[in-house]
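Inspection log for the structure reproduced underneath, given as structure tokens.
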Amino acid sequence: MFVRPARLDDLPAIYRICDETGTFVSEDDRTPELLGHVYAGPYVVAGEDTRSVVVVDGHGVAGYLLCALDTNAFERWRETTWWPGLRADYPRVLVGRSAADQEVVDLIHAPPVASASIVTQYPAHLHIDLLPRIQGCGIGGKLIRELIEDVAKRGVVGLHLDVGSENVRAIALYRRLGFTELERTSDSLFMGRLTTL
Ligand SMILES: CC(C)(COP(=O)(O)OP(=O)(O)OC[C@H]1O[C@@H](n2cnc3c(N)ncnc32)[C@H](O)[C@@H]1OP(=O)(O)O)[C@@H](O)C(=O)NCCC(=O)NCCS
């Protein structure tokens, strides 16, 4: 098993992993690539100001850690370059769309972003997803520790992430890695960590 920078040709695998590990995975009636458009694709395509890696095992790409180093710049890029085409392809209102798809389409039109105060203190943000076959072996913790070291070297003062409030095991891991709770919404929790800790 090894880790390498994510490439554009990893996108199909990354989208599949995003869909398989995503919150909406239990819903049958959904468009599989939608979640990836929100949580994965732009971190690979944007290139600059991102640090995205994949974990590869004997069966192929089995996980990723995607990070935008400057959330504000990344959001500006997404507004001008990423969202317009998707918003045209997936209009906010469409008769007959499944509830699962509608939930993600709403995110395309109103992307989930941390509050300004979080972004100021913790300018980078990350998403991590590993397929079950490589979970629980220490890879997630290792990837995040390496990310923290790397972004610190680049002069980024802090990182934040958004985790489903039901995802207690991931939250426990993030706490062990030094992340603290910043803000809670009805179904998610924003956590942050300074890189100097
Ligand atoms: C959350 C995740 C990134 C953690 O990476 P990991 O490599 O499995 O975790 P590690 O082996 O480094 O550390 C183990 C700890 O991670 C946490 N953890 C979270 N989900 C886990 C899972 N499915 N399996 C094992 N550990 C998990 C636990 O705190 C665990 O400690 P414990 O064994 O004492 O309960 C990974 O399990 C994963 O991708 N899960 C599915 C998708 C997900 O929840 N992504 C995060 C969304 S914010």
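Ligands are numbered from 1 in the order shown, chains are lettered A, B, ... in the order of the structure tokens, and residues start at 1 in each chain.
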Select from range 4-97 of chain A everything DSSP, run on the backbone, classes as strand (DSSP E), then give the selection as a ChimeraX atom specification. /A:4-5,53-57,60-68
Could you save those same residues with N, CA and C atoms as a PDB file, in the first residue's frame?
```pdb
ATOM      1  N   ARG A   4       0.188   8.559  -2.823  1.00  0.00           N
ATOM      2  CA  ARG A   4       0.783   9.442  -3.832  1.00  0.00           C
ATOM      3  C   ARG A   4      -0.180  10.593  -4.114  1.00  0.00           C
ATOM      4  N   PRO A   5       0.346  11.665  -4.745  1.00  0.00           N
ATOM      5  CA  PRO A   5      -0.542  12.773  -5.085  1.00  0.00           C
ATOM      6  C   PRO A   5      -1.695  12.299  -5.977  1.00  0.00           C
ATOM      7  N   VAL A  53      -4.117  13.651  -1.903  1.00  0.00           N
ATOM      8  CA  VAL A  53      -3.386  12.390  -2.084  1.00  0.00           C
ATOM      9  C   VAL A  53      -4.381  11.228  -2.129  1.00  0.00           C
ATOM     10  N   VAL A  54      -3.945  10.145  -2.754  1.00  0.00           N
ATOM     11  CA  VAL A  54      -4.745   8.913  -2.743  1.00  0.00           C
ATOM     12  C   VAL A  54      -3.919   7.799  -2.108  1.00  0.00           C
ATOM     13  N   VAL A  55      -4.644   6.833  -1.529  1.00  0.00           N
ATOM     14  CA  VAL A  55      -4.013   5.630  -1.005  1.00  0.00           C
ATOM     15  C   VAL A  55      -4.294   4.521  -2.015  1.00  0.00           C
ATOM     16  N   VAL A  56      -3.252   3.831  -2.428  1.00  0.00           N
ATOM     17  CA  VAL A  56      -3.397   2.772  -3.435  1.00  0.00           C
ATOM     18  C   VAL A  56      -2.997   1.446  -2.797  1.00  0.00           C
ATOM     19  N   ASP A  57      -3.873   0.440  -2.945  1.00  0.00           N
ATOM     20  CA  ASP A  57      -3.478  -0.906  -2.502  1.00  0.00           C
ATOM     21  C   ASP A  57      -3.507  -1.844  -3.706  1.00  0.00           C
ATOM     22  N   GLY A  60      -6.218  -1.157  -6.259  1.00  0.00           N
ATOM     23  CA  GLY A  60      -6.385   0.168  -6.864  1.00  0.00           C
ATOM     24  C   GLY A  60      -6.518   1.257  -5.813  1.00  0.00           C
ATOM     25  N   VAL A  61      -7.091   2.385  -6.232  1.00  0.00           N
ATOM     26  CA  VAL A  61      -7.247   3.511  -5.302  1.00  0.00           C
ATOM     27  C   VAL A  61      -8.297   3.133  -4.255  1.00  0.00           C
ATOM     28  N   ALA A  62      -7.912   3.229  -2.982  1.00  0.00           N
ATOM     29  CA  ALA A  62      -8.784   2.759  -1.897  1.00  0.00           C
ATOM     30  C   ALA A  62      -9.133   3.866  -0.912  1.00  0.00           C
ATOM     31  N   GLY A  63      -8.636   5.056  -1.158  1.00  0.00           N
ATOM     32  CA  GLY A  63      -8.961   6.149  -0.248  1.00  0.00           C
ATOM     33  C   GLY A  63      -8.284   7.423  -0.688  1.00  0.00           C
ATOM     34  N   TYR A  64      -8.703   8.513  -0.044  1.00  0.00           N
ATOM     35  CA  TYR A  64      -8.098   9.811  -0.378  1.00  0.00           C
ATOM     36  C   TYR A  64      -8.132  10.737   0.821  1.00  0.00           C
ATOM     37  N   LEU A  65      -7.224  11.685   0.766  1.00  0.00           N
ATOM     38  CA  LEU A  65      -7.259  12.830   1.679  1.00  0.00           C
ATOM     39  C   LEU A  65      -7.141  14.060   0.797  1.00  0.00           C
ATOM     40  N   LEU A  66      -8.174  14.881   0.804  1.00  0.00           N
ATOM     41  CA  LEU A  66      -8.233  16.055  -0.061  1.00  0.00           C
ATOM     42  C   LEU A  66      -8.194  17.302   0.805  1.00  0.00           C
ATOM     43  N   CYS A  67      -7.364  18.255   0.422  1.00  0.00           N
ATOM     44  CA  CYS A  67      -7.241  19.449   1.257  1.00  0.00           C
ATOM     45  C   CYS A  67      -7.139  20.697   0.396  1.00  0.00           C
ATOM     46  N   ALA A  68      -7.946  21.697   0.747  1.00  0.00           N
ATOM     47  CA  ALA A  68      -7.794  23.036   0.164  1.00  0.00           C
ATOM     48  C   ALA A  68      -7.003  23.850   1.175  1.00  0.00           C
TER      49      ALA A  68
END
```
Ligand 1: which residues are within 10 Å, counting only C-alpha atoms and all ligand atoms? Reply as a PyMOL selection string. chain A and resi 17-18+20-23+62-65+126-145+161-177+188-191
Residues from last step as file, N, CA and C atoms, as a compact mmCIF listing (two decimals), in the first residue's frame:
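Result file is again_11.txt:
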```txt
# COMPACT_ATOMS: atom_id res chain seq x y z
N ILE A 17 -15.42 6.24 -4.39
CA ILE A 17 -15.16 6.15 -2.94
C ILE A 17 -16.02 7.17 -2.20
N CYS A 18 -16.12 8.36 -2.76
CA CYS A 18 -16.93 9.40 -2.14
C CYS A 18 -18.38 8.93 -2.01
N GLU A 20 -19.46 5.74 -2.07
CA GLU A 20 -19.59 4.55 -1.21
C GLU A 20 -19.46 4.86 0.27
N THR A 21 -18.66 5.87 0.60
CA THR A 21 -18.44 6.17 2.02
C THR A 21 -19.32 7.33 2.49
N GLY A 22 -20.09 7.92 1.55
CA GLY A 22 -20.84 9.14 1.87
C GLY A 22 -22.04 8.88 2.75
N THR A 23 -22.53 9.93 3.31
CA THR A 23 -23.66 9.87 4.24
C THR A 23 -24.92 9.32 3.61
N ALA A 62 -7.91 3.23 -2.98
CA ALA A 62 -8.78 2.76 -1.90
C ALA A 62 -9.13 3.87 -0.91
N GLY A 63 -8.64 5.06 -1.16
CA GLY A 63 -8.96 6.15 -0.25
C GLY A 63 -8.28 7.42 -0.69
N TYR A 64 -8.70 8.51 -0.04
CA TYR A 64 -8.10 9.81 -0.38
C TYR A 64 -8.13 10.74 0.82
N LEU A 65 -7.22 11.68 0.77
CA LEU A 65 -7.26 12.83 1.68
C LEU A 65 -7.14 14.06 0.80
N LEU A 126 -10.14 19.99 5.03
CA LEU A 126 -9.84 18.67 4.46
C LEU A 126 -11.07 17.77 4.42
N HIS A 127 -11.00 16.79 3.51
CA HIS A 127 -11.97 15.68 3.47
C HIS A 127 -11.16 14.39 3.38
N ILE A 128 -11.55 13.41 4.15
CA ILE A 128 -10.85 12.12 4.08
C ILE A 128 -11.88 10.99 4.03
N ASP A 129 -11.66 10.05 3.14
CA ASP A 129 -12.52 8.87 3.04
C ASP A 129 -11.70 7.68 2.61
N LEU A 130 -11.84 6.61 3.35
CA LEU A 130 -11.13 5.36 3.03
C LEU A 130 -12.17 4.26 2.86
N LEU A 131 -11.95 3.37 1.90
CA LEU A 131 -12.87 2.24 1.74
C LEU A 131 -12.73 1.31 2.95
N PRO A 132 -13.79 0.59 3.29
CA PRO A 132 -13.76 -0.29 4.48
C PRO A 132 -12.54 -1.21 4.51
N ARG A 133 -12.07 -1.66 3.33
CA ARG A 133 -10.98 -2.64 3.35
C ARG A 133 -9.67 -2.07 3.90
N ILE A 134 -9.55 -0.73 3.97
CA ILE A 134 -8.31 -0.18 4.55
C ILE A 134 -8.59 0.67 5.80
N GLN A 135 -9.83 0.61 6.30
CA GLN A 135 -10.13 1.38 7.51
C GLN A 135 -9.56 0.66 8.75
N GLY A 136 -9.29 1.45 9.77
CA GLY A 136 -8.89 0.89 11.07
C GLY A 136 -7.48 0.34 11.12
N CYS A 137 -6.66 0.68 10.13
CA CYS A 137 -5.26 0.18 10.12
C CYS A 137 -4.28 1.30 10.43
N GLY A 138 -4.77 2.45 10.83
CA GLY A 138 -3.87 3.55 11.17
C GLY A 138 -3.57 4.50 10.01
N ILE A 139 -4.14 4.22 8.84
CA ILE A 139 -3.80 5.06 7.67
C ILE A 139 -4.40 6.46 7.80
N GLY A 140 -5.66 6.53 8.22
CA GLY A 140 -6.32 7.84 8.32
C GLY A 140 -5.54 8.76 9.26
N GLY A 141 -5.21 8.25 10.43
CA GLY A 141 -4.47 9.06 11.40
C GLY A 141 -3.13 9.51 10.84
N LYS A 142 -2.46 8.57 10.18
CA LYS A 142 -1.13 8.89 9.62
C LYS A 142 -1.26 9.98 8.54
N LEU A 143 -2.24 9.82 7.65
CA LEU A 143 -2.41 10.81 6.57
C LEU A 143 -2.68 12.20 7.14
N ILE A 144 -3.51 12.24 8.18
CA ILE A 144 -3.86 13.56 8.73
C ILE A 144 -2.66 14.18 9.46
N ARG A 145 -1.91 13.34 10.19
CA ARG A 145 -0.71 13.88 10.87
C ARG A 145 0.28 14.44 9.84
N LEU A 161 -12.39 20.95 9.49
CA LEU A 161 -13.13 19.92 8.75
C LEU A 161 -14.56 19.91 9.25
N ASP A 162 -15.39 19.26 8.47
CA ASP A 162 -16.82 19.19 8.74
C ASP A 162 -17.16 17.71 8.81
N VAL A 163 -17.67 17.25 9.93
CA VAL A 163 -17.95 15.82 10.09
C VAL A 163 -19.41 15.64 10.53
N GLY A 164 -20.06 14.61 10.02
CA GLY A 164 -21.44 14.34 10.44
C GLY A 164 -21.47 14.11 11.94
N SER A 165 -22.44 14.72 12.63
CA SER A 165 -22.43 14.62 14.10
C SER A 165 -22.67 13.19 14.58
N GLU A 166 -23.19 12.33 13.70
CA GLU A 166 -23.39 10.92 14.07
C GLU A 166 -22.10 10.09 13.91
N ASN A 167 -21.12 10.65 13.25
CA ASN A 167 -19.90 9.88 12.91
C ASN A 167 -18.95 9.88 14.11
N VAL A 168 -19.38 9.18 15.17
CA VAL A 168 -18.68 9.28 16.45
C VAL A 168 -17.25 8.73 16.40
N ARG A 169 -17.03 7.72 15.57
CA ARG A 169 -15.67 7.14 15.51
C ARG A 169 -14.71 8.11 14.84
N ALA A 170 -15.16 8.74 13.76
CA ALA A 170 -14.29 9.73 13.11
C ALA A 170 -14.04 10.91 14.06
N ILE A 171 -15.08 11.34 14.76
CA ILE A 171 -14.92 12.46 15.70
C ILE A 171 -13.90 12.10 16.78
N ALA A 172 -13.97 10.86 17.27
CA ALA A 172 -13.01 10.42 18.30
C ALA A 172 -11.58 10.48 17.76
N LEU A 173 -11.41 10.05 16.51
CA LEU A 173 -10.07 10.09 15.91
C LEU A 173 -9.58 11.54 15.78
N TYR A 174 -10.46 12.42 15.29
CA TYR A 174 -10.05 13.81 15.11
C TYR A 174 -9.66 14.43 16.46
N ARG A 175 -10.42 14.10 17.51
CA ARG A 175 -10.07 14.62 18.85
C ARG A 175 -8.68 14.15 19.25
N ARG A 176 -8.41 12.85 19.01
CA ARG A 176 -7.08 12.33 19.36
C ARG A 176 -5.98 13.02 18.58
N LEU A 177 -6.31 13.51 17.39
CA LEU A 177 -5.31 14.18 16.56
C LEU A 177 -5.21 15.67 16.89
N SER A 188 -24.19 18.42 11.49
CA SER A 188 -22.74 18.31 11.33
C SER A 188 -21.99 19.13 12.37
N LEU A 189 -20.71 18.80 12.44
CA LEU A 189 -19.86 19.40 13.45
C LEU A 189 -18.61 19.93 12.75
N PHE A 190 -18.28 21.19 13.00
CA PHE A 190 -17.03 21.74 12.48
C PHE A 190 -15.97 21.60 13.57
N MET A 191 -14.81 21.04 13.17
CA MET A 191 -13.70 20.89 14.12
C MET A 191 -12.48 21.57 13.52
```
Please identify all polymer residues within 8 Å of range 147-152 of chain A, counting only C-alpha atoms, omitting same-chain residues fewer than 5 positions from it, and present them as an MDAnalysis selection string. chainID A and resid 69 157:159 195:196
Enumerate the residues of range 55-188 of chain A with a DSSP assignment of alpha helix (DSSP H), computed from the backbone, and present them as a PyMOL selection string. chain A and resi 71-77+83-89+99-109+116-121+139-153+168-176
Go through A:Glu181, A:Glu75, A:Glu103, A:Glu146 and flag the residue nearest Ile118 in chain A, using only C-alpha atoms for the distances.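 Of A:Glu181, A:Glu75, A:Glu103, A:Glu146, the one nearest Ile118 in chain A is A:Glu181, counting only C-alpha atoms.
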Distance in Å - CA of Gly192 in chain A versus CA of Phe179 in chain A: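 Answer for the CA of Gly192 in chain A to CA of Phe179 in chain A separation: 5.0 Å.
Taking CA of His125 in chain A and CA of His160 in chain A as the two end points, the separation is 4.7 Å.
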Can you pull out every residue within 12 Å of Gly96 in chain A, counting only C-alpha atoms, but drop anything in the same chain fewer than 6 positions away, and send it as number ranges by chain? A: 29-30, 102
